[in-house]
Amino acid sequence: MPINMQQLILEDVVSRLEAIPIWGELVEEDNVLRLIDTDDQTLPDRFIVIQPGQTDEVERVGHGSVRERWTLTITPMTRVRAAASALREVRLAIKATLAGTNAGIKVSGLQQAAFLTETPMLADAGRRWSVQAMPLQVTYIQPLK
C-alpha cells in the first residue's frame with residue numbers, strides 16, 4: 001500500500017496547530033459550514049477546524065508517483081465578542097507556527113506550501129461564530145507504489 005501523503009501532511013499540521021495557546025486545545029478535521037450552523041454548547045469558544053479541499057494533479061512523475069497540489073483550509077472559529085481582534089491574533093499565531101517555504105511541515109516528499117487569499121467572516125445577525133478562512137496549498141510527490 002502506498003504512503004498516504006495527505007494523511008501525513010494533515011497529521012503534521014494538526015500537531016503544530018495544537019501547540020497554539022487556547023486555540024490549539026481543539027484542532028479537528030471537519031466541515032466549517034456544518035459547525036457554523038451548529039448549536040453545540042460543548043464546543044469551546046475558540047478552536048481550529050481544518051477542512052480538506054481540492055486536489056489537483058500537477059504532473060505524472062514516471063510510473064511510480066504523481067505530483068499533486070492539495071488545498072486545506074485552516075479555519076479558526078470563535079464566538080467571543082471581540083472576534084475581529086481574536087481572529088487577527090490567531091491568524092498571526094498560525095502563520096508563525098507554519099512559517100517557512102514548506103510551512104515547517106516535516107514530511108518527506110513535500111515540495112512547497114503557501115497560504116492563499118484569506119477570508120475573515122465575522123458573525124452576522126443570528127449567527128454565533130466568526131471565522132478566518134486560511135487556505136494552505138501544499139505541493140508534494142505522492143508515491144503510487
# chains A, B, ... in the order shown; residues from 1 in each chain; ligands from 1
>>> residues_around(residues="Pro135 in chain A", least_positions_apart="6", cutoff="8 Å", atoms="only C-alpha atoms", output="number ranges by chain")
A: 71-74, 115-118
>>> select_by_dssp(residues="range 26-109 of chain A", states="strand (DSSP E)", output="ChimeraX atom specification")
/A:27-29,46-61,65-78
>>> select_by_dssp(residues="chain A", states="helix (DSSP H, G or I)", output="compact mmCIF listing (two decimals) with C-alpha atoms, in the first residue's frame")
# COMPACT_ATOMS: atom_id res chain seq x y z
CA MET A 5 0.83 11.85 1.76
CA GLN A 6 -2.32 13.83 2.53
CA GLN A 7 -2.78 11.99 5.83
CA LEU A 8 0.85 12.57 6.83
CA ILE A 9 0.63 16.28 5.96
CA LEU A 10 -2.66 16.68 7.83
CA GLU A 11 -1.27 14.97 10.94
CA ASP A 12 1.82 17.21 10.89
CA VAL A 13 -0.27 20.39 10.53
CA VAL A 14 -2.67 19.33 13.30
CA SER A 15 0.19 18.60 15.71
CA ARG A 16 1.71 22.03 15.05
CA LEU A 17 -1.59 23.89 15.47
CA TRP A 23 -6.95 27.82 20.19
CA GLY A 24 -4.96 24.58 19.94
CA GLU A 25 -6.96 22.84 22.65
CA VAL A 32 -16.73 24.57 8.61
CA LEU A 33 -20.26 25.32 7.37
CA ARG A 34 -21.66 22.44 9.40
CA LEU A 35 -20.00 23.79 12.53
CA ILE A 36 -21.10 27.39 11.89
CA ALA A 83 -13.93 38.31 17.42
CA ALA A 84 -12.11 40.50 14.91
CA SER A 85 -9.21 41.12 17.27
CA ALA A 86 -9.08 37.49 18.39
CA LEU A 87 -9.03 36.28 14.77
CA ARG A 88 -6.20 38.66 13.84
CA GLU A 89 -4.24 37.38 16.83
CA VAL A 90 -4.70 33.70 15.97
CA ARG A 91 -4.06 34.37 12.27
CA LEU A 92 -0.61 35.62 13.16
CA ALA A 93 -0.03 32.67 15.52
CA ILE A 94 -0.96 30.24 12.74
CA LYS A 95 1.36 31.98 10.27
CA ALA A 96 4.21 31.86 12.82
CA THR A 97 3.52 28.20 13.60
>>> closest_residue(among="A:Tyr140, A:Asp45, A:Val27, A:Ile20", to="Ser108 in chain A", atoms="only C-alpha atoms")
A:Tyr140
>>> residues_around(residues="range 143-145 of chain A", least_positions_apart="3", cutoff="10 Å", atoms="only C-alpha atoms", output="ChimeraX atom specification")
/A:1-5,61,63-67,109,140
>>> write_last_selection(atoms="all heavy atoms", output="mmCIF file, in the first residue's frame")
data_model
loop_
_atom_site.group_PDB
_atom_site.id
_atom_site.type_symbol
_atom_site.label_atom_id
_atom_site.label_comp_id
_atom_site.auth_asym_id
_atom_site.auth_seq_id
_atom_site.Cartn_x
_atom_site.Cartn_y
_atom_site.Cartn_z
ATOM 1 N N MET A 1 0.849 -1.185 0.000
ATOM 2 C CA MET A 1 0.000 0.000 0.000
ATOM 3 C C MET A 1 0.895 1.250 0.000
ATOM 4 O O MET A 1 1.807 1.361 0.818
ATOM 5 C CB MET A 1 -0.877 -0.053 1.252
ATOM 6 C CG MET A 1 -1.945 0.963 1.304
ATOM 7 S SD MET A 1 -3.242 0.518 0.148
ATOM 8 C CE MET A 1 -4.408 1.753 0.481
ATOM 9 N N PRO A 2 0.650 2.222 -0.891
ATOM 10 C CA PRO A 2 1.466 3.437 -0.928
ATOM 11 C C PRO A 2 1.250 4.315 0.312
ATOM 12 O O PRO A 2 0.217 4.244 0.970
ATOM 13 C CB PRO A 2 0.993 4.166 -2.187
ATOM 14 C CG PRO A 2 -0.096 3.380 -2.788
ATOM 15 C CD PRO A 2 -0.334 2.167 -1.955
ATOM 16 N N ILE A 3 2.220 5.156 0.585
ATOM 17 C CA ILE A 3 2.135 6.123 1.680
ATOM 18 C C ILE A 3 1.057 7.142 1.336
ATOM 19 O O ILE A 3 1.019 7.666 0.222
ATOM 20 C CB ILE A 3 3.491 6.841 1.862
ATOM 21 C CG1 ILE A 3 4.566 5.851 2.287
ATOM 22 C CG2 ILE A 3 3.377 7.981 2.851
ATOM 23 C CD1 ILE A 3 5.969 6.421 2.212
ATOM 24 N N ASN A 4 0.190 7.461 2.274
ATOM 25 C CA ASN A 4 -0.862 8.453 2.079
ATOM 26 C C ASN A 4 -0.305 9.822 2.475
ATOM 27 O O ASN A 4 -0.301 10.192 3.648
ATOM 28 C CB ASN A 4 -2.086 8.091 2.919
ATOM 29 C CG ASN A 4 -3.255 9.020 2.695
ATOM 30 O OD1 ASN A 4 -3.098 10.154 2.268
ATOM 31 N ND2 ASN A 4 -4.440 8.525 2.997
ATOM 32 N N MET A 5 0.181 10.561 1.489
ATOM 33 C CA MET A 5 0.827 11.846 1.759
ATOM 34 C C MET A 5 -0.122 12.855 2.395
ATOM 35 O O MET A 5 0.269 13.600 3.293
ATOM 36 C CB MET A 5 1.415 12.416 0.468
ATOM 37 C CG MET A 5 2.618 11.645 -0.043
ATOM 38 S SD MET A 5 4.026 11.731 1.090
ATOM 39 C CE MET A 5 4.490 13.453 0.909
ATOM 40 N N VAL A 61 5.024 11.706 -12.596
ATOM 41 C CA VAL A 61 6.474 11.591 -12.439
ATOM 42 C C VAL A 61 6.813 10.120 -12.619
ATOM 43 O O VAL A 61 6.856 9.368 -11.662
ATOM 44 C CB VAL A 61 6.930 12.115 -11.057
ATOM 45 C CG1 VAL A 61 8.441 12.125 -10.964
ATOM 46 C CG2 VAL A 61 6.371 13.509 -10.792
ATOM 47 N N HIS A 63 6.267 6.178 -13.618
ATOM 48 C CA HIS A 63 5.157 5.267 -13.359
ATOM 49 C C HIS A 63 4.850 5.112 -11.875
ATOM 50 O O HIS A 63 3.809 4.591 -11.511
ATOM 51 C CB HIS A 63 5.466 3.874 -13.938
ATOM 52 C CG HIS A 63 5.557 3.885 -15.430
ATOM 53 N ND1 HIS A 63 4.459 4.053 -16.228
ATOM 54 C CD2 HIS A 63 6.624 3.764 -16.252
ATOM 55 C CE1 HIS A 63 4.841 4.035 -17.496
ATOM 56 N NE2 HIS A 63 6.151 3.860 -17.539
ATOM 57 N N GLY A 64 5.762 5.572 -11.019
ATOM 58 C CA GLY A 64 5.619 5.267 -9.606
ATOM 59 C C GLY A 64 5.122 6.389 -8.730
ATOM 60 O O GLY A 64 4.926 6.189 -7.534
ATOM 61 N N SER A 65 4.891 7.586 -9.303
ATOM 62 C CA SER A 65 4.440 8.685 -8.450
ATOM 63 C C SER A 65 3.777 9.783 -9.284
ATOM 64 O O SER A 65 3.859 9.794 -10.505
ATOM 65 C CB SER A 65 5.610 9.263 -7.648
ATOM 66 O OG SER A 65 6.583 9.792 -8.503
ATOM 67 N N VAL A 66 3.139 10.693 -8.570
ATOM 68 C CA VAL A 66 2.455 11.824 -9.196
ATOM 69 C C VAL A 66 2.666 13.056 -8.310
ATOM 70 O O VAL A 66 2.680 12.948 -7.088
ATOM 71 C CB VAL A 66 0.948 11.516 -9.398
ATOM 72 C CG1 VAL A 66 0.241 11.282 -8.087
ATOM 73 C CG2 VAL A 66 0.257 12.596 -10.181
ATOM 74 N N ARG A 67 2.873 14.198 -8.947
ATOM 75 C CA ARG A 67 2.983 15.460 -8.185
ATOM 76 C C ARG A 67 1.564 16.015 -8.059
ATOM 77 O O ARG A 67 0.863 16.166 -9.055
ATOM 78 C CB ARG A 67 3.878 16.463 -8.893
ATOM 79 C CG ARG A 67 3.975 17.783 -8.129
ATOM 80 C CD ARG A 67 4.962 18.755 -8.735
ATOM 81 N NE ARG A 67 6.298 18.238 -8.545
ATOM 82 C CZ ARG A 67 7.193 18.080 -9.522
ATOM 83 N NH1 ARG A 67 6.900 18.414 -10.757
ATOM 84 N NH2 ARG A 67 8.387 17.600 -9.255
ATOM 85 N N GLY A 109 8.937 14.427 0.778
ATOM 86 C CA GLY A 109 8.154 14.464 -0.455
ATOM 87 C C GLY A 109 7.366 15.749 -0.605
ATOM 88 O O GLY A 109 6.867 16.047 -1.683
ATOM 89 N N TYR A 140 3.261 18.238 -3.304
ATOM 90 C CA TYR A 140 4.038 17.100 -2.822
ATOM 91 C C TYR A 140 4.077 16.032 -3.906
ATOM 92 O O TYR A 140 3.315 16.053 -4.878
ATOM 93 C CB TYR A 140 3.407 16.523 -1.535
ATOM 94 C CG TYR A 140 1.958 16.152 -1.722
ATOM 95 C CD1 TYR A 140 1.584 14.885 -2.175
ATOM 96 C CD2 TYR A 140 0.954 17.084 -1.492
ATOM 97 C CE1 TYR A 140 0.258 14.560 -2.385
ATOM 98 C CE2 TYR A 140 -0.361 16.769 -1.700
ATOM 99 C CZ TYR A 140 -0.719 15.507 -2.156
ATOM 100 O OH TYR A 140 -2.042 15.199 -2.367
#
>>> atom_distance(atom1="CA of Gln41 in chain A", atom2="CA of Glu28 in chain A")
16.5 Å
>>> closest_residue(among="A:Ala19, A:Leu98, A:Leu26, A:Met77", to="Met121 in chain A", atoms="only C-alpha atoms")
A:Met77
>>> closest_residue(among="A:Asn31, A:Gln54, A:Thr42, A:Thr75", to="Ser130 in chain A", atoms="only C-alpha atoms")
A:Thr75
>>> closest_residue(among="A:Met134, A:Ala99, A:Ile50, A:Ile105", to="Thr119 in chain A", atoms="only C-alpha atoms")
A:Met134
>>> atom_distance(atom1="CA of Gln51 in chain A", atom2="CA of Gly126 in chain A")
23.6 Å
>>> decode(residues="range 96-142 of chain A", atoms="C-alpha atoms", output="JSON list (two decimals), in the first residue's frame")
[["chain", "number", "residue", "atom", "x", "y", "z"],
["A", 96, "ALA", "CA", 4.21, 31.86, 12.82],
["A", 97, "THR", "CA", 3.52, 28.20, 13.60],
["A", 98, "LEU", "CA", 3.50, 27.29, 9.89],
["A", 99, "ALA", "CA", 6.40, 29.52, 8.83],
["A", 100, "GLY", "CA", 8.89, 28.84, 6.04],
["A", 101, "THR", "CA", 8.70, 27.70, 2.43],
["A", 102, "ASN", "CA", 7.30, 24.32, 3.49],
["A", 103, "ALA", "CA", 5.23, 25.76, 6.36],
["A", 104, "GLY", "CA", 7.54, 23.85, 8.69],
["A", 105, "ILE", "CA", 5.90, 20.58, 7.63],
["A", 106, "LYS", "CA", 8.35, 17.74, 8.11],
["A", 107, "VAL", "CA", 7.04, 15.21, 5.60],
["A", 108, "SER", "CA", 9.44, 13.76, 3.06],
["A", 109, "GLY", "CA", 8.15, 14.46, -0.45],
["A", 110, "LEU", "CA", 6.59, 17.83, 0.41],
["A", 111, "GLN", "CA", 7.87, 20.37, -2.11],
["A", 112, "GLN", "CA", 6.13, 23.62, -1.26],
["A", 113, "ALA", "CA", 3.48, 25.16, 0.97],
["A", 114, "ALA", "CA", 1.92, 28.61, 0.83],
["A", 115, "PHE", "CA", -1.15, 30.38, 2.11],
["A", 116, "LEU", "CA", -3.65, 31.60, -0.48],
["A", 117, "THR", "CA", -6.05, 34.55, -0.14],
["A", 118, "GLU", "CA", -7.60, 34.59, 3.32],
["A", 119, "THR", "CA", -11.21, 35.45, 4.15],
["A", 120, "PRO", "CA", -12.36, 36.81, 7.51],
["A", 121, "MET", "CA", -16.08, 36.34, 8.20],
["A", 122, "LEU", "CA", -17.50, 37.99, 11.29],
["A", 123, "ALA", "CA", -20.78, 36.62, 12.62],
["A", 124, "ASP", "CA", -23.90, 38.07, 11.03],
["A", 125, "ALA", "CA", -27.12, 38.71, 12.92],
["A", 126, "GLY", "CA", -28.42, 35.43, 14.28],
["A", 127, "ARG", "CA", -25.05, 33.66, 13.94],
["A", 128, "ARG", "CA", -22.65, 32.90, 16.77],
["A", 129, "TRP", "CA", -19.42, 32.02, 15.02],
["A", 130, "SER", "CA", -16.84, 34.31, 13.47],
["A", 131, "VAL", "CA", -14.12, 32.67, 11.38],
["A", 132, "GLN", "CA", -10.93, 33.36, 9.44],
["A", 133, "ALA", "CA", -10.60, 31.01, 6.43],
["A", 134, "MET", "CA", -6.90, 30.46, 5.69],
["A", 135, "PRO", "CA", -6.36, 28.17, 2.66],
["A", 136, "LEU", "CA", -2.97, 26.45, 2.74],
["A", 137, "GLN", "CA", -1.87, 24.95, -0.55],
["A", 138, "VAL", "CA", 0.73, 22.19, -0.44],
["A", 139, "THR", "CA", 2.57, 20.55, -3.33],
["A", 140, "TYR", "CA", 4.04, 17.10, -2.82],
["A", 141, "ILE", "CA", 5.05, 13.92, -4.59],
["A", 142, "GLN", "CA", 2.53, 11.12, -3.99]]
